[in-house]
>>> print(open('protein-v7.csv').read())   # CSV, C-alpha atoms
chain,number,residue,atom,x,y,z
K,261,MET,CA,0.0,0.0,0.0
K,262,ALA,CA,2.8,2.4,0.9
K,263,ARG,CA,4.6,1.8,-2.4
K,264,SER,CA,1.3,2.3,-4.4
K,265,LEU,CA,0.6,5.6,-2.6
K,266,ASN,CA,4.2,6.8,-3.3
K,267,VAL,CA,3.9,5.7,-7.0
K,268,LEU,CA,0.6,7.6,-7.3
K,269,GLY,CA,2.2,10.7,-5.8
K,270,VAL,CA,-0.2,10.8,-2.8
K,271,PRO,CA,1.4,13.1,-0.2
K,272,PRO,CA,1.9,11.4,3.2
K,273,PRO,CA,0.1,12.6,6.3
K,274,SER,CA,3.1,14.5,7.7
K,275,VAL,CA,3.0,16.9,4.8
K,276,HIS,CA,-0.4,18.3,5.9
K,277,ASP,CA,0.8,19.4,9.4
K,278,ARG,CA,4.5,20.3,9.3
K,279,VAL,CA,4.4,21.9,12.8
K,280,ARG,CA,3.4,18.6,14.5
K,281,ASN,CA,5.5,16.5,12.1
K,282,SER,CA,8.7,18.6,11.9
K,283,HIS,CA,10.7,15.4,12.8
K,284,ARG,CA,9.4,13.7,9.6
K,285,THR,CA,10.7,14.4,6.2
K,286,GLY,CA,7.3,14.3,4.5
K,287,GLU,CA,8.9,12.9,1.4
K,288,ALA,CA,7.0,9.6,1.2
K,289,TRP,CA,4.7,7.1,2.8
K,290,THR,CA,6.4,4.5,5.0
K,291,LEU,CA,5.3,1.0,5.8
K,292,ARG,CA,5.0,1.9,9.5
K,293,THR,CA,2.6,4.8,8.7
K,294,VAL,CA,0.3,2.6,6.7
K,295,ALA,CA,0.4,-0.1,9.4
K,296,GLU,CA,-0.4,2.4,12.1
K,297,MET,CA,-3.4,3.8,10.1
K,298,LEU,CA,-4.8,0.3,9.5
K,299,ALA,CA,-4.5,-0.5,13.2
K,300,ASN,CA,-6.2,2.7,14.5
K,301,SER,CA,-10.0,3.0,14.3
K,302,ARG,CA,-9.8,6.8,14.4
K,303,TYR,CA,-9.1,6.6,10.6
K,304,THR,CA,-12.5,5.1,10.1
K,305,GLY,CA,-13.9,8.6,11.0
K,306,ARG,CA,-14.8,7.7,14.5
K,307,GLN,CA,-13.6,9.4,17.7
K,308,VAL,CA,-11.4,7.2,20.0
K,309,TRP,CA,-10.8,7.9,23.7
K,310,ASN,CA,-8.7,6.1,26.4
K,311,ARG,CA,-6.0,5.0,24.0
K,312,GLN,CA,-3.3,6.0,26.5
K,313,ARG,CA,-2.9,6.6,30.2
K,314,THR,CA,-0.4,8.5,32.3
K,315,ASP,CA,1.4,6.5,35.0
K,316,HIS,CA,3.0,8.7,37.7
K,317,ASN,CA,5.4,6.0,39.0
K,318,GLU,CA,4.7,7.0,42.6
K,319,THR,CA,6.8,5.3,45.3
K,320,GLU,CA,3.8,5.7,47.6
K,321,PRO,CA,0.6,4.9,45.6
K,322,GLY,CA,-1.7,7.9,45.4
K,323,ASP,CA,0.9,10.4,46.6
K,324,ARG,CA,2.0,12.3,43.5
K,325,ARG,CA,4.7,14.1,45.6
K,326,THR,CA,6.6,10.8,45.5
K,327,SER,CA,6.4,10.5,41.7
K,328,ARG,CA,9.6,9.5,39.9
K,329,GLY,CA,8.2,11.2,36.7
K,330,SER,CA,5.1,10.6,34.5
K,331,VAL,CA,5.1,8.1,31.7
K,332,ARG,CA,2.5,7.8,28.9
K,333,ARG,CA,1.5,4.1,28.3
K,334,TRP,CA,-0.8,2.5,25.8
K,335,ASN,CA,-4.0,0.9,27.2
K,336,PRO,CA,-5.1,-2.5,25.8
K,337,LYS,CA,-7.3,-2.1,22.7
K,338,ASP,CA,-10.3,-3.6,24.6
K,339,LYS,CA,-10.1,-0.6,26.9
K,340,TRP,CA,-10.4,2.0,24.1
K,341,VAL,CA,-13.7,3.7,23.7
K,342,THR,CA,-14.9,4.4,20.1
K,343,SER,CA,-17.8,6.7,19.1
K,344,ALA,CA,-20.9,5.0,17.7
K,345,SER,CA,-21.3,7.7,15.0
K,346,VAL,CA,-18.8,9.1,12.5
K,347,ALA,CA,-17.1,12.3,13.8
K,348,HIS,CA,-15.1,13.3,10.8
K,349,GLU,CA,-14.4,12.2,7.2
K,350,PRO,CA,-13.0,8.6,7.2
K,351,LEU,CA,-9.7,7.8,5.4
K,352,ILE,CA,-10.3,4.0,5.7
K,353,SER,CA,-13.6,2.2,5.2
K,354,GLU,CA,-15.1,0.1,8.0
K,355,VAL,CA,-14.7,-3.0,5.7
K,356,ASP,CA,-11.0,-2.4,5.1
K,357,PHE,CA,-10.4,-1.6,8.7
K,358,VAL,CA,-12.1,-4.8,10.0
K,359,GLY,CA,-10.3,-6.8,7.3
K,360,ALA,CA,-6.9,-5.4,8.3
K,361,GLN,CA,-7.6,-6.4,12.0
K,362,SER,CA,-8.1,-10.0,11.0
K,363,VAL,CA,-4.8,-10.3,9.2
K,364,SER,CA,-1.7,-11.2,11.2
K,365,ALA,CA,1.5,-13.1,10.9
K,366,VAL,CA,1.7,-16.6,12.4
K,367,PRO,CA,3.7,-16.0,15.6
K,368,ALA,CA,6.6,-18.2,16.7
K,369,PRO,CA,6.0,-20.2,19.8
K,370,ALA,CA,6.6,-18.1,22.9
K,371,ASP,CA,9.4,-20.3,24.2
K,372,HIS,CA,11.4,-20.2,20.9
K,373,ARG,CA,14.4,-17.9,20.4
K,374,TYR,CA,16.1,-17.7,17.1
K,375,ALA,CA,19.7,-18.9,17.5
K,376,LEU,CA,21.2,-16.6,14.8
K,377,THR,CA,19.2,-13.4,15.0
K,378,GLY,CA,21.2,-10.5,13.7
K,379,LEU,CA,24.2,-12.7,12.8
K,380,VAL,CA,23.3,-13.8,9.2
K,381,ILE,CA,24.2,-11.2,6.6
K,382,CYS,CA,23.3,-11.3,2.9
K,383,ARG,CA,26.3,-11.3,0.5
K,384,LEU,CA,24.2,-9.8,-2.2
K,385,CYS,CA,22.8,-6.7,-0.5
K,386,GLY,CA,24.7,-6.5,2.9
K,387,ARG,CA,21.4,-6.5,4.9
K,388,ARG,CA,20.9,-8.7,7.9
K,389,PHE,CA,18.5,-11.6,7.4
K,390,ASP,CA,15.1,-11.4,9.1
K,391,ALA,CA,14.2,-14.2,11.5
K,392,HIS,CA,10.8,-15.7,10.6
K,393,TRP,CA,8.7,-18.7,11.5
K,394,VAL,CA,7.5,-20.8,8.5
K,395,HIS,CA,6.1,-24.3,8.1
K,396,GLY,CA,6.4,-24.9,11.9
K,397,ARG,CA,10.1,-24.1,12.2
K,398,PRO,CA,12.5,-21.1,12.5
K,399,GLY,CA,14.3,-19.7,9.5
K,400,TYR,CA,15.8,-16.6,8.1
K,401,ARG,CA,15.1,-14.5,4.9
K,402,CYS,CA,16.6,-11.7,3.0
K,403,ARG,CA,14.2,-9.9,0.6
K,404,HIS,CA,16.9,-7.4,-0.5
K,405,GLY,CA,14.8,-4.4,0.6
K,406,SER,CA,11.7,-5.4,-1.2
K,407,THR,CA,9.6,-4.5,1.9
K,408,ARG,CA,10.4,-0.9,1.6
K,409,ALA,CA,7.9,1.6,0.3
K,410,GLY,CA,10.0,2.7,-2.6
K,411,PRO,CA,9.5,1.6,-6.2
K,412,ALA,CA,10.0,-2.2,-6.8
K,413,SER,CA,13.0,-3.3,-8.7
K,414,ALA,CA,12.1,-5.9,-11.3
K,415,ALA,CA,15.7,-6.7,-12.0
K,416,GLY,CA,16.6,-7.3,-8.4
K,417,PRO,CA,17.6,-10.6,-6.9
K,418,LYS,CA,15.0,-13.1,-5.7
K,419,PRO,CA,14.5,-13.4,-1.9
K,420,ILE,CA,16.7,-15.9,-0.1
K,421,TYR,CA,15.3,-18.3,2.5
K,422,LEU,CA,17.4,-20.3,4.9
K,423,ARG,CA,16.2,-22.9,7.5
K,424,GLU,CA,17.8,-22.4,10.9
K,425,ASP,CA,18.4,-26.1,11.5
K,426,VAL,CA,20.3,-26.3,8.2
K,427,LEU,CA,22.4,-23.2,9.0
K,428,VAL,CA,23.2,-24.5,12.5
K,429,ALA,CA,24.3,-27.9,11.2
K,430,THR,CA,26.4,-26.2,8.5
K,431,ILE,CA,28.3,-24.0,10.9
K,432,GLY,CA,28.5,-26.8,13.5
K,433,LEU,CA,26.8,-25.2,16.5
>>> encode(input="protein-v7.csv", output="structure tokens")
Amino acid sequence: MARSLNVLGVPPPSVHDRVRNSHRTGEAWTLRTVAEMLANSRYTGRQVWNRQRTDHNETEPGDRRTSRGSVRRWNPKDKWVTSASVAHEPLISEVDFVGAQSVSAVPAPADHRYALTGLVICRLCGRRFDAHWVHGRPGYRCRHGSTRAGPASAAGPKPIYLREDVLVATIGL
């Protein structure tokens, strides 16, 4: 989606409010921007409250004089309050928003740690391989930057996939 928006020349959100987004370049859509929009029901045109809370980190609960500083933290999504009616023009349809919420990657088991995370580097592009869980086992992949929001390169190399068990056996761990 980010790549398509960039190819079509659609300005990213940070262009519209440079004061609040002075830390962003405003040059292009990023993958993270699209992902955040698809995860936030505010973009369906509804008002959303209670997304964050302030924790005061008090050494004595209830006594703010003993606070070690305030910290903003995210509330779980089931604690968010969303308006029943549309409050402003939506950027994402309800159908697309609900569809995006049902899509997720298959998580690795909680007890598994990838043995070689950050250590496997691609000879073709110099990037570190991504750890990923596929077909019930750990592995690593390099997509040579194809996940970026920039234009796709048709002439680029194909992604490389390596199984962790094969890598570990090859290097003798």
>>> closest_residue(input="protein-v7.csv", among="K:Pro336, K:Pro271, K:Gly432, K:Pro417", to="Arg383 in chain K", atoms="only C-alpha atoms")
K:Pro417
>>> closest_residue(input="protein-v7.csv", among="K:Val341, K:Leu427, K:Leu265, K:Ala375", to="Val308 in chain K", atoms="only C-alpha atoms")
K:Val341
>>> residues_around(input="protein-v7.csv", residues="range 296-303 of chain K", least_positions_apart="5", cutoff="6 Å", atoms="only C-alpha atoms", output="VMD selection string")
chain K and resid 308 350 to 352 357
>>> atom_distance(input="protein-v7.csv", atom1="CA of His392 in chain K", atom2="CA of Trp334 in chain K")
26.4 Å
>>> atom_distance(input="protein-v7.csv", atom1="CA of Asn266 in chain K", atom2="CA of Gly286 in chain K")
11.3 Å
>>> closest_residue(input="protein-v7.csv", among="K:Thr290, K:Val355, K:Trp340, K:Arg324", to="Trp309 in chain K", atoms="only C-alpha atoms")
K:Trp340
>>> atom_distance(input="protein-v7.csv", atom1="CA of Arg373 in chain K", atom2="CA of Pro398 in chain K")
8.7 Å
>>> closest_residue(input="protein-v7.csv", among="K:Val428, K:Leu268, K:Val394, K:Cys385", to="Gly416 in chain K", atoms="all atoms listed in the file")
K:Cys385
>>> closest_residue(input="protein-v7.csv", among="K:Gly305, K:Ser330, K:Arg397, K:Ala429", to="Asn317 in chain K", atoms="all atoms listed in the file")
K:Ser330
>>> closest_residue(input="protein-v7.csv", among="K:Arg313, K:Arg280, K:Arg306, K:Arg401", to="Ile381 in chain K", atoms="all atoms listed in the file")
K:Arg401
>>> residues_near_point(input="protein-v7.csv", point="(4.7, 11.1, 34.5)", cutoff="9 Å", atoms="all atoms listed in the file", output="PyMOL selection string")
chain K and resi 314-317+327-332
>>> decode(input="protein-v7.csv", residues="range 302-315 of chain K", atoms="N, CA and C atoms", output="compact mmCIF listing (two decimals), in the first residue's frame")
# COMPACT_ATOMS: atom_id res chain seq x y z
N ARG K 302 -9.51 5.33 14.58
CA ARG K 302 -9.76 6.76 14.36
C ARG K 302 -9.82 7.08 12.85
N TYR K 303 -9.09 6.34 12.05
CA TYR K 303 -9.06 6.60 10.61
C TYR K 303 -10.33 6.12 9.90
N THR K 304 -11.24 5.49 10.63
CA THR K 304 -12.54 5.13 10.06
C THR K 304 -13.53 6.28 10.22
N GLY K 305 -13.06 7.40 10.78
CA GLY K 305 -13.93 8.57 10.97
C GLY K 305 -14.54 8.65 12.35
N ARG K 306 -14.24 7.69 13.19
CA ARG K 306 -14.81 7.68 14.53
C ARG K 306 -13.84 8.30 15.53
N GLN K 307 -14.39 8.85 16.58
CA GLN K 307 -13.58 9.39 17.66
C GLN K 307 -13.15 8.24 18.57
N VAL K 308 -11.94 8.29 19.09
CA VAL K 308 -11.44 7.23 19.97
C VAL K 308 -10.86 7.87 21.22
N TRP K 309 -11.28 7.37 22.39
CA TRP K 309 -10.79 7.86 23.66
C TRP K 309 -10.11 6.72 24.43
N ASN K 310 -9.35 7.09 25.41
CA ASN K 310 -8.72 6.14 26.36
C ASN K 310 -7.66 5.26 25.71
N ARG K 311 -7.01 5.75 24.67
CA ARG K 311 -5.96 4.97 24.04
C ARG K 311 -4.72 4.91 24.92
N GLN K 312 -4.45 6.00 25.64
CA GLN K 312 -3.28 6.03 26.50
C GLN K 312 -3.66 6.47 27.90
N ARG K 313 -2.77 6.21 28.82
CA ARG K 313 -2.94 6.65 30.20
C ARG K 313 -1.60 7.22 30.67
N THR K 314 -1.64 7.96 31.76
CA THR K 314 -0.42 8.49 32.35
C THR K 314 -0.16 7.75 33.65
N ASP K 315 0.99 7.10 33.73
CA ASP K 315 1.42 6.46 34.97
C ASP K 315 2.39 7.41 35.65
